[in-house]
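> Dropping in coords07.cif, with mmCIF, C-alpha atoms.
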```
data_upload
loop_
_atom_site.label_atom_id
_atom_site.label_comp_id
_atom_site.auth_asym_id
_atom_site.auth_seq_id
_atom_site.Cartn_x
_atom_site.Cartn_y
_atom_site.Cartn_z
CA MET A 2 100.31 103.61 120.28
CA SER A 3 99.81 107.23 119.33
CA THR A 4 97.15 109.89 119.29
CA TRP A 5 95.52 111.69 116.39
CA ASP A 6 98.29 113.91 114.96
CA SER A 7 97.38 116.88 112.83
CA ASP A 8 99.77 115.71 110.14
CA ASP A 9 98.72 112.10 110.44
CA GLU A 10 97.92 110.43 107.15
CA LEU A 11 94.67 109.24 108.70
CA ASP A 12 93.41 112.82 108.62
CA SER A 13 92.70 112.26 104.94
CA TYR A 14 90.87 109.00 105.44
CA LEU A 15 89.70 107.23 108.53
CA PHE A 16 89.87 103.65 107.29
CA PHE A 17 91.53 101.98 104.37
CA TRP A 18 90.03 98.49 104.67
CA PRO A 19 88.01 98.28 107.89
CA ASP A 20 87.62 94.59 108.65
CA GLY A 21 87.21 92.97 112.06
CA VAL A 22 85.01 94.78 114.58
CA ALA A 23 84.13 94.20 118.23
CA VAL A 24 82.21 96.14 120.88
CA ASP A 25 82.98 96.02 124.59
CA ARG A 26 80.48 96.09 127.44
CA ASN A 27 80.66 99.91 127.57
CA GLY A 28 79.70 100.19 123.92
CA GLU A 29 83.18 101.19 122.79
CA ILE A 30 84.06 99.95 119.32
CA VAL A 31 87.40 98.61 118.09
CA VAL A 32 88.07 98.14 114.36
CA ALA A 33 90.98 96.32 112.67
CA ASP A 34 92.12 97.99 109.44
CA LEU A 35 93.32 95.12 107.26
CA GLU A 36 95.28 97.28 104.81
CA ASP A 37 96.55 99.99 107.14
CA ASP A 38 97.75 97.47 109.76
CA ARG A 39 96.13 99.38 112.58
CA LEU A 40 93.67 98.90 115.38
CA ILE A 41 91.38 101.92 115.95
CA SER A 42 88.98 102.49 118.82
CA PHE A 43 85.91 104.75 118.93
CA ASN A 44 83.15 105.53 121.36
CA SER A 45 79.63 104.53 120.39
CA THR A 46 79.01 107.75 118.45
CA GLY A 47 82.22 107.63 116.41
CA GLY A 48 84.46 109.76 118.63
CA PHE A 49 88.11 108.74 118.29
CA ARG A 50 89.62 107.04 121.37
CA TRP A 51 93.00 105.60 120.29
CA LYS A 52 94.84 103.74 117.57
CA THR A 53 97.81 101.42 117.59
CA GLY A 54 100.00 99.80 114.96
CA THR A 55 102.17 101.17 112.20
CA SER A 56 102.23 100.56 108.48
CA GLU A 57 106.02 100.89 108.38
CA SER A 58 106.95 97.56 106.81
CA THR A 59 109.98 96.95 109.00
CA TRP A 60 107.89 97.23 112.16
CA ARG A 61 104.82 95.24 111.24
CA THR A 62 106.14 91.98 112.64
CA GLY A 63 107.04 93.53 116.01
CA SER A 64 104.98 93.05 119.13
CA GLY A 65 101.98 95.37 119.09
CA ASN A 66 102.12 95.89 115.35
CA PHE A 67 100.21 94.11 112.58
CA SER A 68 100.35 92.60 109.15
CA GLY A 69 96.84 92.03 107.96
CA PRO A 70 94.80 92.24 111.17
CA CYS A 71 91.29 90.93 110.60
CA GLY A 72 89.36 89.31 113.45
CA VAL A 73 88.90 91.22 116.72
CA ALA A 74 87.24 90.12 119.95
CA VAL A 75 86.81 91.74 123.36
CA THR A 76 86.44 89.99 126.72
CA SER A 77 84.03 91.07 129.45
CA ASP A 78 86.89 92.96 131.17
CA GLY A 79 87.75 94.83 127.98
CA THR A 80 90.86 92.87 126.99
CA ILE A 81 91.22 92.86 123.19
CA PHE A 82 92.35 89.90 121.06
CA VAL A 83 93.39 90.52 117.45
CA GLU A 84 94.05 87.95 114.77
CA HIS A 85 97.06 88.80 112.83
CA SER A 86 96.65 86.68 109.78
CA LEU A 87 99.82 87.30 107.76
CA ASN A 88 102.04 86.99 110.83
CA ASP A 89 100.27 83.80 111.99
CA ARG A 90 99.70 85.06 115.50
CA ILE A 91 97.16 86.33 117.99
CA GLN A 92 97.91 89.51 119.95
CA LYS A 93 96.41 90.66 123.21
CA PHE A 94 95.87 94.32 124.19
CA THR A 95 94.40 96.26 127.09
CA SER A 96 91.14 98.15 126.59
CA THR A 97 93.21 101.26 125.88
CA GLY A 98 95.35 99.67 123.18
CA HIS A 99 98.48 98.75 125.13
CA PHE A 100 100.19 95.56 124.00
CA LEU A 101 100.02 92.70 126.53
CA ASP A 102 101.01 89.42 124.89
CA GLU A 103 101.22 87.47 121.65
CA TRP A 104 100.66 83.82 120.77
CA LYS A 105 102.37 82.61 117.64
CA GLY A 106 103.81 79.63 115.88
CA GLY A 107 106.97 78.19 117.32
CA THR A 108 106.15 78.86 120.94
CA MET A 109 105.88 75.13 121.46
CA GLU A 110 105.83 75.24 125.22
CA ILE A 111 102.71 77.41 125.06
CA PHE A 112 100.93 75.97 122.05
CA PRO A 113 101.85 72.66 120.47
CA VAL A 114 101.08 73.70 116.92
CA SER A 115 101.32 76.90 114.93
CA PHE A 116 98.50 79.06 113.66
CA SER A 117 98.26 79.35 109.90
CA ARG A 118 96.50 82.45 108.54
CA PRO A 119 94.07 82.81 111.44
CA PHE A 120 91.08 84.82 110.18
CA GLY A 121 88.62 84.96 113.07
CA VAL A 122 88.58 85.23 116.85
CA GLU A 123 85.78 85.27 119.41
CA VAL A 124 85.55 85.18 123.17
CA ALA A 125 83.15 82.65 124.74
CA PRO A 126 80.94 83.80 127.64
CA GLY A 127 83.18 81.85 130.04
CA GLY A 128 86.25 83.76 128.81
CA ASN A 129 87.93 81.18 126.58
CA VAL A 130 89.30 82.50 123.28
CA ILE A 131 88.10 80.76 120.11
CA VAL A 132 90.38 81.04 117.07
CA ALA A 133 89.47 80.21 113.45
CA ASP A 134 92.83 78.78 112.39
CA THR A 135 91.88 79.06 108.75
CA PHE A 136 94.64 77.45 106.71
CA ASN A 137 94.91 74.64 109.27
CA ASN A 138 91.17 73.97 108.75
CA ARG A 139 90.42 73.93 112.44
CA ILE A 140 89.08 75.84 115.42
CA ALA A 141 91.38 76.24 118.41
CA ILE A 142 89.99 77.02 121.87
CA LEU A 143 92.42 78.53 124.40
CA THR A 144 92.14 80.15 127.80
CA ASN A 145 92.58 83.93 127.81
CA GLU A 146 96.17 83.27 128.91
CA GLY A 147 96.82 81.20 125.77
CA VAL A 148 96.67 77.71 127.26
CA PRO A 149 95.16 75.28 124.72
CA VAL A 150 91.82 73.80 125.74
CA LYS A 151 90.59 72.05 122.60
CA ILE A 152 91.06 71.70 118.84
CA ILE A 153 88.02 71.09 116.64
CA GLY A 154 87.81 69.84 113.07
CA SER A 155 91.09 69.33 111.28
CA ARG A 156 92.29 67.43 108.26
CA ASN A 157 95.79 68.29 109.31
CA PRO A 158 97.76 65.44 110.95
CA VAL A 159 99.41 67.81 113.41
CA ASP A 160 96.03 68.01 115.09
CA LEU A 161 96.88 64.63 116.59
CA ILE A 162 99.55 66.36 118.66
CA ALA A 163 96.87 68.50 120.26
CA ASP A 164 94.67 65.52 121.14
CA LYS A 165 96.25 65.33 124.56
CA PHE A 166 94.70 68.70 125.35
CA GLN A 167 91.14 67.55 124.64
CA MET B 27 77.56 75.36 111.35
CA ILE B 28 76.62 75.30 115.02
CA PHE B 29 78.60 73.52 117.73
CA ASP B 30 78.05 73.25 121.47
CA ALA B 31 80.59 74.75 123.86
CA SER B 32 82.56 71.51 123.98
CA GLY B 33 82.91 71.41 120.18
CA SER B 34 80.28 68.79 119.35
CA PHE B 35 78.46 69.43 116.07
CA ILE B 36 74.81 70.46 116.50
CA SER B 37 73.54 71.61 113.11
CA ALA B 38 74.35 73.45 109.88
CA PHE B 39 72.33 75.60 107.49
CA GLY B 40 72.77 77.49 104.22
CA SER B 41 74.01 76.80 100.72
CA LYS B 42 75.68 78.79 97.96
CA GLY B 43 73.49 81.38 96.21
CA ASN B 44 71.71 84.71 96.55
CA GLY B 45 68.29 83.49 97.68
CA THR B 46 66.85 83.59 101.19
CA GLY B 47 69.06 81.59 103.53
CA GLU B 48 71.72 81.20 100.87
CA PHE B 49 75.19 82.77 101.09
CA ARG B 50 78.09 83.91 98.97
CA SER B 51 81.16 84.14 101.17
CA PRO B 52 79.57 84.44 104.61
CA LEU B 53 82.16 86.11 106.83
CA GLY B 54 81.28 87.80 110.09
CA VAL B 55 78.75 86.37 112.50
CA ALA B 56 77.26 87.71 115.73
CA VAL B 57 74.60 86.52 118.16
CA SER B 58 72.15 88.92 119.85
CA ASP B 59 71.11 88.69 123.49
CA GLU B 60 67.88 87.13 122.23
CA GLY B 61 69.86 84.35 120.52
CA ASP B 62 69.29 85.51 116.93
CA ILE B 63 72.20 84.89 114.55
CA PHE B 64 73.39 87.79 112.35
CA VAL B 65 75.47 86.73 109.33
CA VAL B 66 77.42 89.03 107.00
CA ASP B 67 76.67 87.61 103.54
CA SER B 68 79.67 89.40 102.09
CA TRP B 69 79.50 88.87 98.32
CA ASN B 70 75.71 89.36 98.36
CA ASN B 71 76.24 92.73 100.13
CA ARG B 72 73.63 92.00 102.77
CA ILE B 73 73.04 90.94 106.36
CA GLN B 74 70.85 87.91 107.03
CA VAL B 75 69.27 87.19 110.41
CA PHE B 76 68.25 83.75 111.63
CA GLU B 77 66.75 82.23 114.74
CA GLY B 78 69.14 80.13 116.79
CA ASN B 79 67.88 77.00 115.03
CA GLY B 80 68.68 78.44 111.59
CA THR B 81 65.16 79.60 110.63
CA PHE B 82 65.40 82.69 108.39
CA ILE B 83 63.99 85.88 109.95
CA ARG B 84 64.95 88.85 107.75
CA THR B 85 67.62 90.41 105.59
CA TRP B 86 68.78 93.92 104.67
CA GLY B 87 71.35 95.55 102.43
CA SER B 88 72.18 95.82 98.74
CA GLU B 89 75.27 97.00 96.92
CA GLY B 90 75.88 100.75 97.15
CA PHE B 91 77.21 103.68 99.17
CA ARG B 92 74.01 105.29 100.43
CA ASP B 93 72.90 104.88 104.04
CA GLY B 94 71.79 101.31 104.60
CA GLU B 95 73.55 100.05 101.48
CA LEU B 96 76.66 97.89 101.75
CA ASP B 97 79.77 97.28 99.67
CA SER B 98 81.86 94.29 100.71
CA PRO B 99 80.57 94.05 104.28
CA ARG B 100 82.96 91.95 106.33
CA TYR B 101 82.47 91.65 110.08
CA ILE B 102 79.66 92.42 112.50
CA ALA B 103 79.28 93.14 116.20
CA ILE B 104 76.32 93.94 118.45
CA THR B 105 76.54 96.75 121.02
CA PRO B 106 75.26 96.50 124.62
CA ASP B 107 72.28 98.60 123.44
CA GLY B 108 71.49 96.03 120.77
CA ASP B 109 72.65 98.07 117.78
CA VAL B 110 74.43 96.32 114.91
CA VAL B 111 77.91 97.46 113.77
CA VAL B 112 79.11 96.40 110.30
CA THR B 113 82.48 97.07 108.66
CA GLU B 114 82.50 97.65 104.89
CA LEU B 115 85.80 97.00 103.15
CA HIS B 116 85.12 98.74 99.83
CA ASN B 117 83.12 101.63 101.33
CA ARG B 118 85.93 102.18 103.87
CA ARG B 119 83.49 102.90 106.67
CA ILE B 120 81.46 101.36 109.43
CA GLN B 121 77.69 101.59 109.69
CA ILE B 122 75.50 101.21 112.74
CA SER B 123 71.86 100.19 112.45
CA ASP B 124 69.18 98.69 114.64
CA GLN B 125 68.52 94.96 114.46
CA ASN B 126 66.01 95.52 111.63
CA GLY B 127 68.67 97.23 109.53
CA THR B 128 67.33 100.77 110.01
CA PHE B 129 70.29 103.14 109.55
CA LYS B 130 71.56 105.03 112.59
CA HIS B 131 75.20 106.18 112.20
CA LYS B 132 78.22 105.82 109.93
CA TRP B 133 81.81 107.00 109.97
CA GLY B 134 84.79 106.63 107.70
CA ALA B 135 84.81 107.49 104.00
CA THR B 136 82.45 110.28 102.91
CA ALA B 137 82.37 109.35 99.22
CA PRO B 138 82.58 106.11 97.25
CA PHE B 139 86.18 105.06 96.63
CA ALA B 140 85.78 105.38 92.84
CA ASP B 141 84.84 109.07 93.31
CA VAL B 142 87.86 109.69 95.53
CA GLN B 143 90.05 108.27 92.80
CA GLY B 144 88.42 110.57 90.23
CA ASN B 145 86.98 107.71 88.20
#
```
Output the structure of this file as C-alpha cells.

Amino acid sequence: MSTWDSDDELDSYLFFWPDGVAVDRNGEIVVADLEDDRLISFNSTGGFRWKTGTSESTWRTGSGNFSGPCGVAVTSDGTIFVEHSLNDRIQKFTSTGHFLDEWKGGTMEIFPVSFSRPFGVEVAPGGNVIVADTFNNRIAILTNEGVPVKIIGSRNPVDLIADKFQ
Amino acid sequence: MIFDASGSFISAFGSKGNGTGEFRSPLGVAVSDEGDIFVVDSWNNRIQVFEGNGTFIRTWGSEGFRDGELDSPRYIAITPDGDVVVTELHNRRIQISDQNGTFKHKWGATAPFADVQGN
C-alpha cells in the first residue's frame, strides 16, 4: 500500500481500465483497475483515500498484489474481497486496503477445488461470500473466512468433490 | 438468472440483442434497497433496470464520452444514498448518477482515450 506520490505514474491518469466497483456502508468507493493491477479507494465525491497493488510483473502474484483484478465486494463491516482472475484467487483486505488473507487453488484443506478465472464476487446480506468461478462454470458460496458452504451449477466433474459441503 | 439464497433456481430473463430487455454481454449487476435490479448491458453501452421479477422499468446510456454516455461500462454499485456508480473501461473513468440515470459526478480520464493518443 502507498499514498499518492507526486511522481506517481497515476498522476497522469487516474484509471487505466476501471472494472469492478463496490461501495461500503459509509459511501466510500473501491475500484479494481484491471490493467493497472491496483485497487483504489475514494470517498463519495471522488477524493482519493488509498491504493494498493503494484504493476511490477515480478510482484503481481504476491499476497496483496494483483494480476487482472475485476470483481470487488464489501461486507457490512467494510472488509473488501477482490477477485483476482489471472491468479485464480480471492484476496481479502481491510477497509483501509491492508492485506488480510487469500484463497486460491491448491489450498485443499481450505477449499476442495481450485478457482479458475473467477470474474465476480458479491457478499450476501448474511455475510457469505459468493464467487462467480467463471471457467469452472459454477458459483461458489463461502463464509467470509473462506469455508465452503455450497457450489451451484457446474458441468465440471470436480464439483462432485464439493457435494459433501452442500 | 435468479436463485434463492440456498441456490435453487427461481427464474431467468433476457435474450441476446439490443432491444428492451435484451442484452449484449451483461456484466455487472446490482440490486437497490427497493429490490430493483440494475444490469450493465456492456456491449450495448447502457444500463437497464428491472423489477425484481424481471419486468423492464427503464434504461439509460449510449456510446460516447459526454456526461451520461457510456463506453464499455463494466460493473455497477449502489451507494447508501441510492446513487448508482458505474465503471467504464474504455472511458477510463467512473460515473455516478441517480437511479434514473441523471448525471451527478465523474472522475478519471478527462478526454476520450483516442484524443489522448492523438488520433
> Here's the selection I'm unsure about, the PyMOL selection byres ((chain A) within 7 of (chain B)); applied to the file above, which residues does it give, as a VMD selection string?
chain A and resid 14 to 24 26 28 47 153
> What's the separation between atom CA of Thr97 of chain A and atom CA of Ile63 of chain B, in Å to one decimal place?
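Atom-to-atom, atom CA of Thr97 of chain A and atom CA of Ile63 of chain B are spaced 28.9 Å apart.
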> For atom CA of Glu89 of chain B and atom CA of Gln125 of chain B, quote the distance in Å rounded to one decimal.
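Spanning atom CA of Glu89 of chain B to atom CA of Gln125 of chain B is a straight-line distance of 18.9 Å.
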> Measuring between all atoms listed in the file, which one of B:Phe39, B:Phe49, B:Phe129, B:Phe82 shows the shortest distance to Ser68 of chain B?
B:Phe49
> Given the PyMOL selection byres ((chain A and resi 38) around 8) and the file above, list the residues it selects as a ChimeraX atom specification.
/A:33-37,39-40,54-56,61,66-70
> Hey, can you check how far atom CA of Ile41 of chain A sits from atom CA of Asn145 of chain A?
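Atom CA of Ile41 of chain A sits 21.6 Å away from atom CA of Asn145 of chain A.
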> Might you pull out every residue within 6 Å of Ile28 of chain B, with all atoms listed in the file counted and same-chain residues fewer than 2 positions away left off, and present them as a list in words?
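Non-adjacent residues within range: Ile36, Ser37 and Ala38 of chain B.
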> From the set B:Leu96, B:Gly47, B:Ser41, B:Glu77, which residue has the shortest atom-to-atom contact distance to Glu60 of chain B, counting all atoms listed in the file?
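Going through B:Leu96, B:Gly47, B:Ser41, B:Glu77 one by one, the smallest distance to Glu60 of chain B is for B:Glu77.
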> Might you pull out every residue within 9 Å of Gly90 of chain B, with all atoms listed in the file counted and same-chain residues fewer than 4 positions away left off, and present them as an mmCIF file with C-alpha atoms, in the frame of the given file?

```cif
data_model
loop_
_atom_site.group_PDB
_atom_site.id
_atom_site.type_symbol
_atom_site.label_atom_id
_atom_site.label_comp_id
_atom_site.auth_asym_id
_atom_site.auth_seq_id
_atom_site.Cartn_x
_atom_site.Cartn_y
_atom_site.Cartn_z
ATOM 1 C CA ASN B 71 76.240 92.730 100.130
ATOM 2 C CA GLY B 94 71.790 101.310 104.600
ATOM 3 C CA GLU B 95 73.550 100.050 101.480
ATOM 4 C CA LEU B 96 76.660 97.890 101.750
ATOM 5 C CA ASP B 97 79.770 97.280 99.670
ATOM 6 C CA ASN B 117 83.120 101.630 101.330
ATOM 7 C CA PRO B 138 82.580 106.110 97.250
#
```
> Name the residues that the PyMOL selection byres ((chain A and resi 100) around 12) picks from the file above, as a ChimeraX atom specification, using the file's chain letters and numbers.
/A:2,40,52-54,63-67,80-83,91-99,101-103
> Taking 4 positions as the minimum chain separation for residues in the same chain, which residues sit within 12 Å of Glu48 of chain B when counting all atoms listed in the file? Answer as a list in words.
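Using all atoms listed in the file, the neighbours found are Phe39, Gly40, Ser41, Lys42, Gly43, Asn44, Pro52, Val65, Val66, Asp67, Ser68, Trp69, Asn70, Arg72, Ile73, Gln74, Val75, Phe76, Gly80, Thr81, Phe82 and Thr85 of chain B.
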> Restricting the calculation to all atoms listed in the file: of A:Gly127, A:Thr76, A:Asp134, A:Val32, which residue gets closest to Asp89 of chain A?
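Looking only at the distances to Asp89 of chain A, the closest residue turns out to be A:Asp134.
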> Centre and edge lengths of an axis-aligned box around all listed atoms of segment 64-77 of chain B, with 5 Å added on each side, are to be given in Å to one decimal, as AutoDock Vina command-line options.

```
--center_x 73.2 --center_y 87.5 --center_z 106.5 --size_x 22.9 --size_y 20.5 --size_z 26.4
```
> Mind rebuilding segment 121-147 of chain A with N, CA and C atoms and writing that out as an mmCIF file, in the coordinates of the input?

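The file below, result.cif, is the result:
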```
data_model
loop_
_atom_site.group_PDB
_atom_site.id
_atom_site.type_symbol
_atom_site.label_atom_id
_atom_site.label_comp_id
_atom_site.auth_asym_id
_atom_site.auth_seq_id
_atom_site.Cartn_x
_atom_site.Cartn_y
_atom_site.Cartn_z
ATOM 1 N N GLY A 121 89.741 84.567 112.219
ATOM 2 C CA GLY A 121 88.620 84.960 113.070
ATOM 3 C C GLY A 121 88.910 84.646 114.521
ATOM 4 N N VAL A 122 88.396 85.483 115.415
ATOM 5 C CA VAL A 122 88.580 85.230 116.850
ATOM 6 C C VAL A 122 87.318 85.676 117.576
ATOM 7 N N GLU A 123 86.917 84.910 118.571
ATOM 8 C CA GLU A 123 85.780 85.270 119.410
ATOM 9 C C GLU A 123 86.119 84.920 120.847
ATOM 10 N N VAL A 124 85.399 85.526 121.769
ATOM 11 C CA VAL A 124 85.550 85.180 123.170
ATOM 12 C C VAL A 124 84.247 84.538 123.646
ATOM 13 N N ALA A 125 84.336 83.337 124.225
ATOM 14 C CA ALA A 125 83.150 82.650 124.740
ATOM 15 C C ALA A 125 82.703 83.317 126.034
ATOM 16 N N PRO A 126 81.420 83.158 126.409
ATOM 17 C CA PRO A 126 80.940 83.800 127.640
ATOM 18 C C PRO A 126 81.778 83.448 128.865
ATOM 19 N N GLY A 127 82.352 82.248 128.910
ATOM 20 C CA GLY A 127 83.180 81.850 130.040
ATOM 21 C C GLY A 127 84.591 82.428 130.000
ATOM 22 N N GLY A 128 84.953 83.102 128.892
ATOM 23 C CA GLY A 128 86.250 83.760 128.810
ATOM 24 C C GLY A 128 87.272 83.065 127.934
ATOM 25 N N ASN A 129 86.988 81.827 127.485
ATOM 26 C CA ASN A 129 87.930 81.180 126.580
ATOM 27 C C ASN A 129 87.962 81.912 125.234
ATOM 28 N N VAL A 130 89.117 81.832 124.571
ATOM 29 C CA VAL A 130 89.300 82.500 123.280
ATOM 30 C C VAL A 130 89.204 81.440 122.181
ATOM 31 N N ILE A 131 88.348 81.707 121.192
ATOM 32 C CA ILE A 131 88.100 80.760 120.110
ATOM 33 C C ILE A 131 88.722 81.323 118.838
ATOM 34 N N VAL A 132 89.632 80.567 118.231
ATOM 35 C CA VAL A 132 90.380 81.040 117.070
ATOM 36 C C VAL A 132 90.014 80.212 115.839
ATOM 37 N N ALA A 133 89.639 80.890 114.738
ATOM 38 C CA ALA A 133 89.470 80.210 113.450
ATOM 39 C C ALA A 133 90.848 80.143 112.796
ATOM 40 N N ASP A 134 91.469 78.979 112.891
ATOM 41 C CA ASP A 134 92.830 78.780 112.390
ATOM 42 C C ASP A 134 92.700 78.329 110.935
ATOM 43 N N THR A 135 92.488 79.310 110.053
ATOM 44 C CA THR A 135 91.880 79.060 108.750
ATOM 45 C C THR A 135 92.651 78.076 107.886
ATOM 46 N N PHE A 136 93.925 78.321 107.643
ATOM 47 C CA PHE A 136 94.640 77.450 106.710
ATOM 48 C C PHE A 136 94.956 76.090 107.324
ATOM 49 N N ASN A 137 94.804 75.955 108.640
ATOM 50 C CA ASN A 137 94.910 74.640 109.270
ATOM 51 C C ASN A 137 93.560 73.930 109.330
ATOM 52 N N ASN A 138 92.501 74.573 108.806
ATOM 53 C CA ASN A 138 91.170 73.970 108.750
ATOM 54 C C ASN A 138 90.673 73.511 110.108
ATOM 55 N N ARG A 139 90.850 74.357 111.118
ATOM 56 C CA ARG A 139 90.420 73.930 112.440
ATOM 57 C C ARG A 139 90.067 75.140 113.311
ATOM 58 N N ILE A 140 89.391 74.847 114.403
ATOM 59 C CA ILE A 140 89.080 75.840 115.420
ATOM 60 C C ILE A 140 89.905 75.492 116.652
ATOM 61 N N ALA A 141 90.610 76.459 117.195
ATOM 62 C CA ALA A 141 91.380 76.240 118.410
ATOM 63 C C ALA A 141 90.733 77.017 119.556
ATOM 64 N N ILE A 142 90.545 76.361 120.681
ATOM 65 C CA ILE A 142 89.990 77.020 121.870
ATOM 66 C C ILE A 142 91.101 77.098 122.918
ATOM 67 N N LEU A 143 91.366 78.307 123.419
ATOM 68 C CA LEU A 143 92.420 78.530 124.400
ATOM 69 C C LEU A 143 91.859 79.324 125.568
ATOM 70 N N THR A 144 92.518 79.234 126.720
ATOM 71 C CA THR A 144 92.140 80.150 127.800
ATOM 72 C C THR A 144 92.609 81.545 127.416
ATOM 73 N N ASN A 145 92.160 82.567 128.172
ATOM 74 C CA ASN A 145 92.580 83.930 127.810
ATOM 75 C C ASN A 145 94.042 84.198 128.168
ATOM 76 N N GLU A 146 94.723 83.178 128.715
ATOM 77 C CA GLU A 146 96.170 83.270 128.910
ATOM 78 C C GLU A 146 96.921 82.476 127.839
ATOM 79 N N GLY A 147 96.180 81.897 126.882
ATOM 80 C CA GLY A 147 96.820 81.200 125.770
ATOM 81 C C GLY A 147 97.059 79.725 125.991
#
```
